[in-house]
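This is final-v2.cif. It holds mmCIF, C-alpha atoms.
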data_upload
loop_
_atom_site.group_PDB
_atom_site.id
_atom_site.type_symbol
_atom_site.label_atom_id
_atom_site.label_comp_id
_atom_site.auth_asym_id
_atom_site.auth_seq_id
_atom_site.Cartn_x
_atom_site.Cartn_y
_atom_site.Cartn_z
ATOM 1 C CA MET Z 1 -3.500 -4.562 -18.590
ATOM 2 C CA PRO Z 2 -1.289 -3.141 -21.355
ATOM 3 C CA GLU Z 3 1.937 -5.106 -21.677
ATOM 4 C CA LEU Z 4 5.339 -3.940 -22.904
ATOM 5 C CA PRO Z 5 4.471 -3.745 -26.647
ATOM 6 C CA GLU Z 6 1.366 -1.677 -25.903
ATOM 7 C CA VAL Z 7 3.276 0.706 -23.642
ATOM 8 C CA GLU Z 8 6.084 1.032 -26.191
ATOM 9 C CA THR Z 9 3.497 1.750 -28.902
ATOM 10 C CA VAL Z 10 2.087 4.549 -26.745
ATOM 11 C CA ARG Z 11 5.589 5.876 -26.027
ATOM 12 C CA GLN Z 12 6.440 6.098 -29.716
ATOM 13 C CA GLY Z 13 3.129 7.785 -30.460
ATOM 14 C CA ILE Z 14 3.248 10.504 -27.819
ATOM 15 C CA GLU Z 15 6.959 11.160 -28.320
ATOM 16 C CA LEU Z 16 6.226 12.804 -31.669
ATOM 17 C CA TYR Z 17 3.999 15.384 -29.979
ATOM 18 C CA LEU Z 18 5.758 15.963 -26.656
ATOM 19 C CA VAL Z 19 9.497 16.249 -27.252
ATOM 20 C CA ASN Z 20 10.746 19.868 -27.187
ATOM 21 C CA GLN Z 21 7.281 21.154 -26.281
ATOM 22 C CA LYS Z 22 6.625 23.501 -23.349
ATOM 23 C CA ILE Z 23 3.971 22.514 -20.828
ATOM 24 C CA THR Z 24 1.752 25.547 -20.319
ATOM 25 C CA SER Z 25 -0.565 24.094 -17.686
ATOM 26 C CA VAL Z 26 -1.897 20.909 -16.114
ATOM 27 C CA ILE Z 27 -5.553 20.170 -15.395
ATOM 28 C CA ILE Z 28 -6.272 17.563 -12.709
ATOM 29 C CA ARG Z 29 -9.941 16.578 -12.636
ATOM 30 C CA GLN Z 30 -9.541 13.411 -10.574
ATOM 31 C CA PRO Z 31 -6.429 12.989 -8.409
ATOM 32 C CA ASN Z 32 -7.457 9.685 -6.832
ATOM 33 C CA LEU Z 33 -5.710 7.069 -8.925
ATOM 34 C CA ARG Z 34 -3.862 4.015 -7.582
ATOM 35 C CA TRP Z 35 -1.725 6.508 -5.692
ATOM 36 C CA PRO Z 36 -2.906 10.117 -5.337
ATOM 37 C CA VAL Z 37 -1.661 12.445 -8.061
ATOM 38 C CA PRO Z 38 0.605 15.020 -6.364
ATOM 39 C CA LEU Z 39 -1.322 18.238 -5.857
ATOM 40 C CA SER Z 40 1.858 20.122 -6.759
ATOM 41 C CA LEU Z 41 2.018 18.531 -10.232
ATOM 42 C CA SER Z 42 0.379 21.485 -11.962
ATOM 43 C CA THR Z 43 2.750 23.977 -10.381
ATOM 44 C CA GLU Z 44 5.801 21.774 -10.888
ATOM 45 C CA LEU Z 45 5.175 21.108 -14.593
ATOM 46 C CA THR Z 46 4.049 24.518 -15.788
ATOM 47 C CA ASP Z 47 6.630 26.147 -18.097
ATOM 48 C CA GLN Z 48 8.838 23.060 -18.201
ATOM 49 C CA ILE Z 49 10.102 21.552 -21.471
ATOM 50 C CA VAL Z 50 9.682 17.864 -22.270
ATOM 51 C CA PHE Z 51 13.023 16.725 -23.674
ATOM 52 C CA ALA Z 52 12.485 12.929 -23.808
ATOM 53 C CA VAL Z 53 9.771 10.283 -23.582
ATOM 54 C CA GLN Z 54 11.225 7.054 -22.243
ATOM 55 C CA ARG Z 55 9.993 3.670 -21.073
ATOM 56 C CA ARG Z 56 11.141 1.421 -18.232
ATOM 57 C CA GLY Z 57 9.196 -1.818 -18.223
ATOM 58 C CA LYS Z 58 5.539 -0.785 -18.307
ATOM 59 C CA TYR Z 59 6.265 2.701 -16.973
ATOM 60 C CA LEU Z 60 6.411 5.789 -19.184
ATOM 61 C CA LEU Z 61 8.830 8.539 -18.185
ATOM 62 C CA LEU Z 62 8.327 12.119 -19.357
ATOM 63 C CA ALA Z 63 11.737 13.668 -18.799
ATOM 64 C CA CYS Z 64 11.311 17.399 -18.214
ATOM 65 C CA THR Z 65 13.595 20.318 -17.396
ATOM 66 C CA LYS Z 66 13.479 19.866 -13.632
ATOM 67 C CA GLY Z 67 12.198 16.356 -13.093
ATOM 68 C CA THR Z 68 10.316 13.364 -14.484
ATOM 69 C CA VAL Z 69 6.645 12.415 -14.739
ATOM 70 C CA ILE Z 70 6.181 8.684 -14.040
ATOM 71 C CA ILE Z 71 3.110 7.148 -15.674
ATOM 72 C CA HIS Z 72 1.672 3.644 -15.420
ATOM 73 C CA LEU Z 73 -1.513 2.868 -17.351
ATOM 74 C CA GLY Z 74 -2.818 0.328 -14.846
ATOM 75 C CA MET Z 75 -5.660 -1.908 -16.009
ATOM 76 C CA SER Z 76 -7.575 0.521 -18.195
ATOM 77 C CA GLY Z 77 -5.555 3.720 -18.551
ATOM 78 C CA THR Z 78 -4.954 5.316 -21.939
ATOM 79 C CA LEU Z 79 -3.067 8.362 -23.196
ATOM 80 C CA ARG Z 80 -4.387 10.370 -26.130
ATOM 81 C CA VAL Z 81 -2.949 13.410 -27.880
ATOM 82 C CA LEU Z 82 -5.878 15.719 -28.636
ATOM 83 C CA PRO Z 83 -6.561 19.345 -29.595
ATOM 84 C CA VAL Z 84 -6.593 21.382 -26.429
ATOM 85 C CA ASN Z 85 -10.156 22.596 -27.040
ATOM 86 C CA LYS Z 86 -11.656 19.086 -27.260
ATOM 87 C CA PRO Z 87 -14.094 18.742 -24.337
ATOM 88 C CA PRO Z 88 -13.196 16.061 -21.778
ATOM 89 C CA GLU Z 89 -15.366 13.000 -21.416
ATOM 90 C CA LYS Z 90 -16.163 10.844 -18.423
ATOM 91 C CA HIS Z 91 -13.009 9.255 -16.957
ATOM 92 C CA ASP Z 92 -10.719 11.854 -18.613
ATOM 93 C CA HIS Z 93 -8.832 12.642 -15.415
ATOM 94 C CA ILE Z 94 -5.741 14.654 -16.360
ATOM 95 C CA ASP Z 95 -4.661 16.973 -19.194
ATOM 96 C CA ILE Z 96 -1.079 18.089 -19.754
ATOM 97 C CA ILE Z 97 -1.467 21.175 -21.953
ATOM 98 C CA LEU Z 98 1.282 21.872 -24.476
ATOM 99 C CA SER Z 99 2.365 25.072 -26.188
ATOM 100 C CA SER Z 100 1.445 23.445 -29.517
ATOM 101 C CA ASN Z 101 -2.257 23.712 -28.569
ATOM 102 C CA TYR Z 102 -2.436 19.971 -28.074
ATOM 103 C CA CYS Z 103 -2.862 18.165 -24.789
ATOM 104 C CA LEU Z 104 -1.811 14.797 -23.469
ATOM 105 C CA ARG Z 105 -5.019 13.432 -21.958
ATOM 106 C CA TYR Z 106 -5.064 10.599 -19.441
ATOM 107 C CA ARG Z 107 -8.224 8.496 -19.271
ATOM 108 C CA ASP Z 108 -8.710 5.704 -16.754
ATOM 109 C CA PRO Z 109 -12.173 4.249 -15.989
ATOM 110 C CA ARG Z 110 -10.898 1.923 -13.246
ATOM 111 C CA ARG Z 111 -8.399 4.414 -11.827
ATOM 112 C CA PHE Z 112 -5.699 1.767 -11.225
ATOM 113 C CA GLY Z 113 -3.102 3.806 -13.102
ATOM 114 C CA THR Z 114 -0.396 6.064 -11.740
ATOM 115 C CA ILE Z 115 0.882 9.570 -12.447
ATOM 116 C CA LEU Z 116 3.683 10.673 -10.144
ATOM 117 C CA TRP Z 117 6.436 13.295 -10.129
ATOM 118 C CA THR Z 118 10.068 13.051 -9.056
ATOM 119 C CA THR Z 119 13.020 15.418 -9.145
ATOM 120 C CA GLU Z 120 15.450 12.548 -8.471
ATOM 121 C CA ASP Z 121 16.753 9.920 -10.899
ATOM 122 C CA PRO Z 122 13.528 8.057 -11.809
ATOM 123 C CA LEU Z 123 15.367 4.744 -12.176
ATOM 124 C CA PHE Z 124 15.948 4.813 -8.408
ATOM 125 C CA HIS Z 125 12.307 5.558 -7.624
ATOM 126 C CA LEU Z 126 10.650 3.034 -5.312
ATOM 127 C CA LEU Z 127 8.475 1.722 -8.156
ATOM 128 C CA LEU Z 128 11.339 1.245 -10.626
ATOM 129 C CA LYS Z 129 14.531 0.488 -8.727
ATOM 130 C CA ASN Z 130 13.948 -3.264 -8.379
ATOM 131 C CA LEU Z 131 12.822 -3.933 -11.956
ATOM 132 C CA GLY Z 132 14.617 -6.611 -13.943
ATOM 133 C CA VAL Z 133 16.263 -6.353 -17.350
ATOM 134 C CA GLU Z 134 14.493 -5.111 -20.465
ATOM 135 C CA PRO Z 135 13.553 -8.053 -22.740
ATOM 136 C CA LEU Z 136 14.752 -6.288 -25.893
ATOM 137 C CA ALA Z 137 18.132 -5.392 -24.370
ATOM 138 C CA SER Z 138 21.338 -7.382 -24.857
ATOM 139 C CA LYS Z 139 21.494 -8.165 -21.117
ATOM 140 C CA PHE Z 140 18.419 -10.340 -21.571
ATOM 141 C CA ASN Z 141 19.969 -13.543 -22.848
ATOM 142 C CA GLY Z 142 19.848 -17.279 -22.304
ATOM 143 C CA ALA Z 143 22.739 -17.343 -19.850
ATOM 144 C CA TYR Z 144 21.057 -14.677 -17.712
ATOM 145 C CA LEU Z 145 17.760 -16.608 -17.485
ATOM 146 C CA PHE Z 146 19.534 -19.920 -16.929
ATOM 147 C CA GLN Z 147 21.527 -18.484 -14.031
ATOM 148 C CA LYS Z 148 18.507 -16.762 -12.456
ATOM 149 C CA SER Z 149 16.359 -19.892 -12.729
ATOM 150 C CA ARG Z 150 18.736 -22.245 -10.871
ATOM 151 C CA VAL Z 151 17.603 -21.057 -7.441
ATOM 152 C CA ARG Z 152 13.918 -20.667 -8.311
ATOM 153 C CA LYS Z 153 11.237 -23.195 -7.363
ATOM 154 C CA THR Z 154 8.527 -21.553 -9.447
ATOM 155 C CA ILE Z 155 7.097 -22.711 -12.759
ATOM 156 C CA VAL Z 156 8.504 -21.182 -15.933
ATOM 157 C CA LYS Z 157 5.448 -19.110 -16.802
ATOM 158 C CA ASN Z 158 5.541 -17.276 -13.473
ATOM 159 C CA PHE Z 159 9.324 -16.961 -13.767
ATOM 160 C CA LEU Z 160 8.978 -15.296 -17.166
ATOM 161 C CA MET Z 161 6.337 -12.897 -15.818
ATOM 162 C CA ASN Z 162 8.375 -11.887 -12.762
ATOM 163 C CA ASN Z 163 9.196 -8.190 -13.215
ATOM 164 C CA GLN Z 164 12.247 -8.533 -10.986
ATOM 165 C CA ILE Z 165 13.685 -10.973 -13.539
ATOM 166 C CA VAL Z 166 12.566 -9.399 -16.806
ATOM 167 C CA VAL Z 167 10.151 -6.497 -17.204
ATOM 168 C CA GLY Z 168 7.039 -6.149 -19.286
ATOM 169 C CA ILE Z 169 6.231 -9.723 -20.311
ATOM 170 C CA GLY Z 170 2.625 -10.101 -19.252
ATOM 171 C CA ASN Z 171 0.216 -12.978 -19.562
ATOM 172 C CA ILE Z 172 -0.616 -12.748 -23.260
ATOM 173 C CA TYR Z 173 2.968 -12.706 -24.451
ATOM 174 C CA ALA Z 174 4.134 -15.303 -21.908
ATOM 175 C CA ASN Z 175 1.627 -17.741 -23.417
ATOM 176 C CA GLU Z 176 2.832 -17.001 -26.941
ATOM 177 C CA ILE Z 177 6.552 -17.143 -26.092
ATOM 178 C CA LEU Z 178 6.263 -20.487 -24.315
ATOM 179 C CA PHE Z 179 4.273 -21.984 -27.184
ATOM 180 C CA GLN Z 180 6.767 -20.787 -29.774
ATOM 181 C CA THR Z 181 9.604 -22.277 -27.708
ATOM 182 C CA GLY Z 182 7.839 -25.583 -27.027
ATOM 183 C CA ILE Z 183 7.852 -25.243 -23.241
ATOM 184 C CA HIS Z 184 4.891 -26.255 -21.085
ATOM 185 C CA PRO Z 185 3.796 -23.365 -18.808
ATOM 186 C CA ARG Z 186 3.933 -25.631 -15.735
ATOM 187 C CA MET Z 187 7.534 -26.734 -16.366
ATOM 188 C CA PRO Z 188 9.739 -25.909 -13.345
ATOM 189 C CA ALA Z 189 11.991 -23.020 -14.334
ATOM 190 C CA ARG Z 190 15.096 -24.637 -12.842
ATOM 191 C CA LYS Z 191 14.688 -27.786 -14.962
ATOM 192 C CA ILE Z 192 14.945 -25.935 -18.274
ATOM 193 C CA SER Z 193 18.282 -26.180 -20.070
ATOM 194 C CA LEU Z 194 20.488 -23.348 -21.253
ATOM 195 C CA SER Z 195 19.742 -24.162 -24.892
ATOM 196 C CA TYR Z 196 15.993 -23.871 -24.288
ATOM 197 C CA TYR Z 197 16.452 -20.572 -22.476
ATOM 198 C CA GLU Z 198 18.435 -19.314 -25.462
ATOM 199 C CA LYS Z 199 15.504 -20.270 -27.719
ATOM 200 C CA LEU Z 200 13.065 -18.636 -25.291
ATOM 201 C CA VAL Z 201 14.994 -15.361 -25.326
ATOM 202 C CA LYS Z 202 15.201 -15.384 -29.118
ATOM 203 C CA ASN Z 203 11.458 -15.968 -29.421
ATOM 204 C CA SER Z 204 10.705 -13.326 -26.784
ATOM 205 C CA LYS Z 205 12.550 -10.675 -28.757
ATOM 206 C CA ILE Z 206 10.894 -11.693 -32.048
ATOM 207 C CA ILE Z 207 7.353 -11.817 -30.624
ATOM 208 C CA LEU Z 208 7.637 -8.563 -28.671
ATOM 209 C CA SER Z 209 9.225 -6.742 -31.629
ATOM 210 C CA ASN Z 210 6.509 -7.974 -33.982
ATOM 211 C CA ALA Z 211 3.829 -6.916 -31.493
ATOM 212 C CA ILE Z 212 5.300 -3.405 -31.333
ATOM 213 C CA LYS Z 213 5.312 -3.196 -35.132
ATOM 214 C CA ALA Z 214 1.659 -4.291 -35.155
ATOM 215 C CA GLY Z 215 0.699 -1.609 -32.643
ATOM 216 C CA GLY Z 216 0.182 -4.004 -29.752
ATOM 217 C CA THR Z 217 -2.609 -6.437 -28.959
ATOM 218 C CA THR Z 218 -6.139 -5.086 -28.638
ATOM 219 C CA LEU Z 219 -7.932 -6.958 -25.877
ATOM 220 C CA LYS Z 220 -10.733 -5.078 -24.093
ATOM 221 C CA ASP Z 221 -9.368 -1.622 -23.297
ATOM 222 C CA PHE Z 222 -6.188 -1.115 -25.299
ATOM 223 C CA HIS Z 223 -6.100 1.392 -28.160
ATOM 224 C CA THR Z 224 -3.202 3.381 -29.574
ATOM 225 C CA ILE Z 225 -2.963 7.132 -28.916
ATOM 226 C CA ASP Z 226 -5.139 8.035 -31.903
ATOM 227 C CA GLY Z 227 -7.836 5.570 -30.840
ATOM 228 C CA SER Z 228 -6.971 2.928 -33.453
ATOM 229 C CA LEU Z 229 -6.599 -0.746 -32.603
ATOM 230 C CA GLY Z 230 -3.481 -2.838 -32.162
ATOM 231 C CA TYR Z 231 -3.350 -5.709 -34.637
ATOM 232 C CA PHE Z 232 -1.065 -8.306 -33.042
ATOM 233 C CA THR Z 233 -4.221 -10.181 -32.021
ATOM 234 C CA GLN Z 234 -4.260 -11.548 -35.569
ATOM 235 C CA GLN Z 235 -0.858 -13.178 -34.957
ATOM 236 C CA LEU Z 236 -1.681 -14.918 -31.662
ATOM 237 C CA LYS Z 237 -1.031 -18.655 -31.914
ATOM 238 C CA VAL Z 238 -2.544 -19.898 -28.635
ATOM 239 C CA TYR Z 239 -3.919 -17.066 -26.491
ATOM 240 C CA GLY Z 240 -7.722 -16.955 -26.641
ATOM 241 C CA ARG Z 241 -7.878 -20.096 -28.838
ATOM 242 C CA LYS Z 242 -9.339 -22.562 -26.330
ATOM 243 C CA GLU Z 243 -10.282 -25.904 -27.981
ATOM 244 C CA GLN Z 244 -9.288 -24.620 -31.413
ATOM 245 C CA PRO Z 245 -6.793 -26.684 -33.445
ATOM 246 C CA CYS Z 246 -3.111 -25.998 -32.869
ATOM 247 C CA LEU Z 247 -1.647 -24.225 -35.880
ATOM 248 C CA VAL Z 248 1.348 -26.578 -35.809
ATOM 249 C CA CYS Z 249 0.023 -30.072 -35.008
ATOM 250 C CA SER Z 250 -3.808 -29.647 -35.113
ATOM 251 C CA SER Z 251 -4.246 -30.857 -31.519
ATOM 252 C CA SER Z 252 -6.822 -28.993 -29.468
ATOM 253 C CA ILE Z 253 -5.505 -25.934 -27.625
ATOM 254 C CA MET Z 254 -5.745 -26.466 -23.864
ATOM 255 C CA TYR Z 255 -6.955 -23.859 -21.386
ATOM 256 C CA GLU Z 256 -6.578 -23.689 -17.621
ATOM 257 C CA ARG Z 257 -6.102 -21.150 -14.871
ATOM 258 C CA ILE Z 258 -2.535 -21.260 -13.606
ATOM 259 C CA HIS Z 259 -2.009 -19.136 -10.502
ATOM 260 C CA GLN Z 260 -5.112 -17.097 -11.368
ATOM 261 C CA ARG Z 261 -3.903 -16.424 -14.932
ATOM 262 C CA ALA Z 262 -5.527 -17.631 -18.155
ATOM 263 C CA SER Z 263 -3.115 -20.115 -19.710
ATOM 264 C CA TYR Z 264 -3.307 -21.513 -23.221
ATOM 265 C CA TYR Z 265 -0.996 -24.176 -24.605
ATOM 266 C CA CYS Z 266 -0.710 -27.187 -26.883
ATOM 267 C CA ASP Z 267 -0.223 -30.326 -24.815
ATOM 268 C CA LYS Z 268 1.601 -32.000 -27.704
ATOM 269 C CA CYS Z 269 3.882 -29.174 -28.930
ATOM 270 C CA GLN Z 270 4.607 -28.164 -25.313
ATOM 271 C CA SER Z 271 4.783 -31.599 -23.732
ATOM 272 C CA MET Z 272 6.624 -31.790 -20.413
ATOM 273 C CA SER Z 273 8.566 -34.724 -21.865
ATOM 274 C CA ASN Z 274 9.981 -32.599 -24.697
ATOM 275 C CA ILE Z 275 12.607 -31.019 -22.426
#
Structure encoded using C-alpha cells:
Amino acid sequence: MPELPEVETVRQGIELYLVNQKITSVIIRQPNLRWPVPLSLSTELTDQIVFAVQRRGKYLLLACTKGTVIIHLGMSGTLRVLPVNKPPEKHDHIDIILSSNYCLRYRDPRRFGTILWTTEDPLFHLLLKNLGVEPLASKFNGAYLFQKSRVRKTIVKNFLMNNQIVVGIGNIYANEILFQTGIHPRMPARKISLSYYEKLVKNSKIILSNAIKAGGTTLKDFHTIDGSLGYFTQQLKVYGRKEQPCLVCSSSIMYERIHQRASYYCDKCQSMSNI
C-alpha cells in the first residue's frame, strides 16, 4: 500500500496538471471499488474548476468549486495524467477529463481504493475526522508522542502506525524510523522516554522528507504519475534486508512477523536494553 511519501509524490505530480483546470466530463467504467463510486460523480464534477490538490494522511483531496473529491489509492491504486485520447487499459476504472485535453486516470487492479464526493468540509468526513496529526507538521513532536503513549499498552511499532495518533507512517517507514532511532519494534510504547520520542520524531521527519524527494519507495505496485519508479528503496537500511549485515554494526538483520506485519531490525543497534 502506498504510504505518505508515495501519496505526497502523487499529489505534487497531479497538482501541476489539475489546478485551475475545468473538468469537462467524468467516465466511470467500474464503480465497484472499496466503497461504490457515487453514480452522481459525473454530473457533480462536470464544469467544475479544480482549485487545489491537497493531502490528509494517505487521502488525496481534489478541492473543486462546489465540493471535494476524496481519493484513497488502496493497495494497488495509481493515478496517471495522460492525453485524453489514450485508450484505457484493463483496470483503468475512472477518467476525470480536463479542459486541457488531459485526463486524470485512476487504475486499480485490486479495487481496494476509494473515490468519493462530498459537498461538506472534507476534514469532517467519516473517513478523515478521526485521523491523527501529520508527521511533517509542527504538532508532531516528542512531547505529543510521549503524552499519547503513557496510556497505551501497545508496542511502539503499532503505536507509530496508528493513524489516530499520527497519519501516513506505514510499515516500511516504521521499520526505518525505529532502526534510525535505535528502538526495538517490540518495545512497549509507554516505556520509551521523552528524549527518545524526540529523536524518533526528528528521524521520522528526515526519513519521510527524504523519501518524498526520492519519489517514494517502489515496492510491487507503486509508480509515480508518469510511470517512473520511486528511488527511496536504495536508501532503506533494514526493510527487505533479512539476514544481510547491518550497515552500522554488521550484525545480521533480523526478520519476524509482528502483528501480521513484516518487521526488520538489528538486534544489537535496537536492543531492548538500550532504552
Q.
Using only C-alpha atoms, can you tell me which of Z:Ser193, Z:Asn101, Z:Ser204, Z:Gln180 comes closest to Z:Leu160?
A. Z:Ser204
Neighbours of Z:Phe159 within 10 Å (all atoms listed in the file; same-chain residues fewer than 5 positions away dropped), as a PDB file with C-alpha atoms, in the frame of the given file?
ATOM      1  CA  LEU Z 145      17.760 -16.608 -17.485  1.00  0.00           C
ATOM      2  CA  LYS Z 148      18.507 -16.762 -12.456  1.00  0.00           C
ATOM      3  CA  SER Z 149      16.359 -19.892 -12.729  1.00  0.00           C
ATOM      4  CA  ARG Z 152      13.918 -20.667  -8.311  1.00  0.00           C
ATOM      5  CA  LYS Z 153      11.237 -23.195  -7.363  1.00  0.00           C
ATOM      6  CA  THR Z 154       8.527 -21.553  -9.447  1.00  0.00           C
ATOM      7  CA  GLN Z 164      12.247  -8.533 -10.986  1.00  0.00           C
ATOM      8  CA  ILE Z 165      13.685 -10.973 -13.539  1.00  0.00           C
ATOM      9  CA  VAL Z 166      12.566  -9.399 -16.806  1.00  0.00           C
ATOM     10  CA  ALA Z 174       4.134 -15.303 -21.908  1.00  0.00           C
ATOM     11  CA  PRO Z 185       3.796 -23.365 -18.808  1.00  0.00           C
ATOM     12  CA  PRO Z 188       9.739 -25.909 -13.345  1.00  0.00           C
ATOM     13  CA  ALA Z 189      11.991 -23.020 -14.334  1.00  0.00           C
ATOM     14  CA  ARG Z 190      15.096 -24.637 -12.842  1.00  0.00           C
TER      15      ARG Z 190
END
Q.
Give me, as a PyMOL selection string, all polymer residues having an atom no more than 7 Å from Z:Asp95, counting all atoms listed in the file and skipping those fewer than 2 positions away in the same chain.
A. chain Z and resi 26-28+97+103-106
Q.
So that I can check the surroundings of Z:Gly132, please list as a list in words every protein, DNA and RNA residue that reaches within 12 Å of it, counting all atoms listed in the file and ignoring chain neighbours fewer than 3 positions away.
A. Arg56, Gly57, Lys58, Leu123, Leu127, Leu128, Lys129, Pro135, Leu136, Ala137, Lys139, Phe140, Tyr144, Leu145, Lys148, Phe159, Leu160, Met161, Asn162, Asn163, Gln164, Ile165, Val166, Val167, Gly168 and Ile169 of chain Z
Q: List the residues selected by the PyMOL selection byres ((chain Z and resi 261) around 10) in the file shown, writing them as an NGL selection string.
A: :Z and (157-158 or 171-172 or 256-260 or 262-264)
Could you name the residues that touch stretch 268-275 of chain Z at 6 Å or less, counting all atoms listed in the file, but leaving out those on the same chain fewer than 6 positions away, as an mmCIF file with C-alpha atoms, in the coordinates of the input?
data_model
loop_
_atom_site.group_PDB
_atom_site.id
_atom_site.type_symbol
_atom_site.label_atom_id
_atom_site.label_comp_id
_atom_site.auth_asym_id
_atom_site.auth_seq_id
_atom_site.Cartn_x
_atom_site.Cartn_y
_atom_site.Cartn_z
ATOM 1 C CA GLY Z 182 7.839 -25.583 -27.027
ATOM 2 C CA ILE Z 183 7.852 -25.243 -23.241
ATOM 3 C CA HIS Z 184 4.891 -26.255 -21.085
#
(Q) Can you spell out as a PyMOL selection string the set of residues that the PyMOL selection byres ((chain Z and resi 111) around 10) selects in the structure I just provided? (A) chain Z and resi 30-35+73-77+91+93+107-110+112-114
**Q.** Selection under test: the PyMOL selection byres ((chain Z and resi 46) around 9); residues as a ChimeraX atom specification
**A.** /Z:22-26,41-45,47-49,97
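We find atom CA of Z:Cys249 and atom CA of Z:Asp267 to be spaced 10.2 Å apart.
When atom CA of Z:Leu131 is paired with atom CA of Z:Val50, their separation reads 24.3 Å.
Take atom CA of Z:Glu6 and atom CA of Z:Ala63: the distance between them is 19.8 Å.
The smallest atom-to-atom distance between Z:Leu208 and any of Z:Gly170, Z:Pro83, Z:Gly142, Z:Pro245, using only C-alpha atoms, is found for Z:Gly170.
Checking Z:Lys205, Z:Arg11, Z:Lys90, Z:Lys199 one by one against Z:Gln54, counting all atoms listed in the file, you find the shortest gap at Z:Arg11.
The shell of residues at most 9 Å from Z:Pro5, with only C-alpha atoms counted and near chain neighbours (fewer than 4 positions) removed, consists of Thr9, Val10, Lys58, Gly168, Ile169, Leu208, Ser209, Asn210, Ala211, Ile212, Lys213, Ala214, Gly215, Gly216 and Thr217 of chain Z.
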Mind giving me the axis-aligned box for stretch 11-17 of chain Z with 8 Å on every side, centre plus edges in Å to one decimal, as AutoDock Vina command-line options?
--center_x 5.0 --center_y 10.6 --center_z -28.8 --size_x 19.8 --size_y 25.5 --size_z 21.6
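Counting all atoms listed in the file, the residue from Z:Leu126, Z:Ile96, Z:Cys64, Z:Leu4 that sits nearest to Z:Leu79 is Z:Ile96.
When only C-alpha atoms are used to compute distances to Z:Trp117, the closest of the residues Z:Ser40, Z:Asn175, Z:Asn85, Z:Ser99 turns out to be Z:Ser40.
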Render stretch 133-179 of chain Z from the structure in the preceding block as a file of C-alpha atoms, as a short mmCIF file (atom, residue, chain, number, x, y, z; two decimals), in the first residue's frame.
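Generated file (selection.cif):
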data_model
loop_
_atom_site.label_atom_id
_atom_site.label_comp_id
_atom_site.auth_asym_id
_atom_site.auth_seq_id
_atom_site.Cartn_x
_atom_site.Cartn_y
_atom_site.Cartn_z
CA VAL Z 133 -1.53 14.67 13.33
CA GLU Z 134 0.52 14.97 10.16
CA PRO Z 135 4.10 13.71 10.75
CA LEU Z 136 5.68 16.66 8.93
CA ALA Z 137 3.67 19.23 10.90
CA SER Z 138 4.92 21.09 13.97
CA LYS Z 139 2.21 19.46 16.13
CA PHE Z 140 4.01 16.15 15.68
CA ASN Z 141 6.70 16.41 18.31
CA GLY Z 142 8.30 14.40 21.08
CA ALA Z 143 6.07 15.79 23.82
CA TYR Z 144 2.95 14.86 21.83
CA LEU Z 145 4.06 11.23 21.35
CA PHE Z 146 5.27 10.94 24.93
CA GLN Z 147 1.92 12.13 26.27
CA LYS Z 148 -0.11 9.89 23.93
CA SER Z 149 1.99 6.83 24.76
CA ARG Z 150 1.54 6.98 28.56
CA VAL Z 151 -1.88 5.33 28.46
CA ARG Z 152 -1.10 2.86 25.67
CA LYS Z 153 -0.31 -0.82 26.26
CA THR Z 154 0.74 -1.48 22.68
CA ILE Z 155 4.24 -1.93 21.31
CA VAL Z 156 5.95 1.08 19.77
CA LYS Z 157 5.77 -0.11 16.17
CA ASN Z 158 1.99 -0.43 16.29
CA PHE Z 159 1.78 2.88 18.17
CA LEU Z 160 3.74 4.62 15.41
CA MET Z 161 1.50 3.09 12.73
CA ASN Z 162 -1.76 4.06 14.46
CA ASN Z 163 -3.45 6.59 12.16
CA GLN Z 164 -5.36 8.07 15.09
CA ILE Z 165 -2.00 9.06 16.61
CA VAL Z 166 -0.05 10.09 13.52
CA VAL Z 167 -1.12 9.62 9.91
CA GLY Z 168 0.66 8.04 7.00
CA ILE Z 169 3.53 6.13 8.62
CA GLY Z 170 3.12 2.65 7.20
CA ASN Z 171 5.12 -0.50 7.69
CA ILE Z 172 8.15 0.31 5.54
CA TYR Z 173 8.85 3.66 7.12
CA ALA Z 174 8.06 2.47 10.66
CA ASN Z 175 10.84 -0.11 10.29
CA GLU Z 176 13.28 2.51 9.04
CA ILE Z 177 12.38 5.13 11.67
CA LEU Z 178 12.74 2.71 14.56
CA PHE Z 179 16.10 1.48 13.29
#
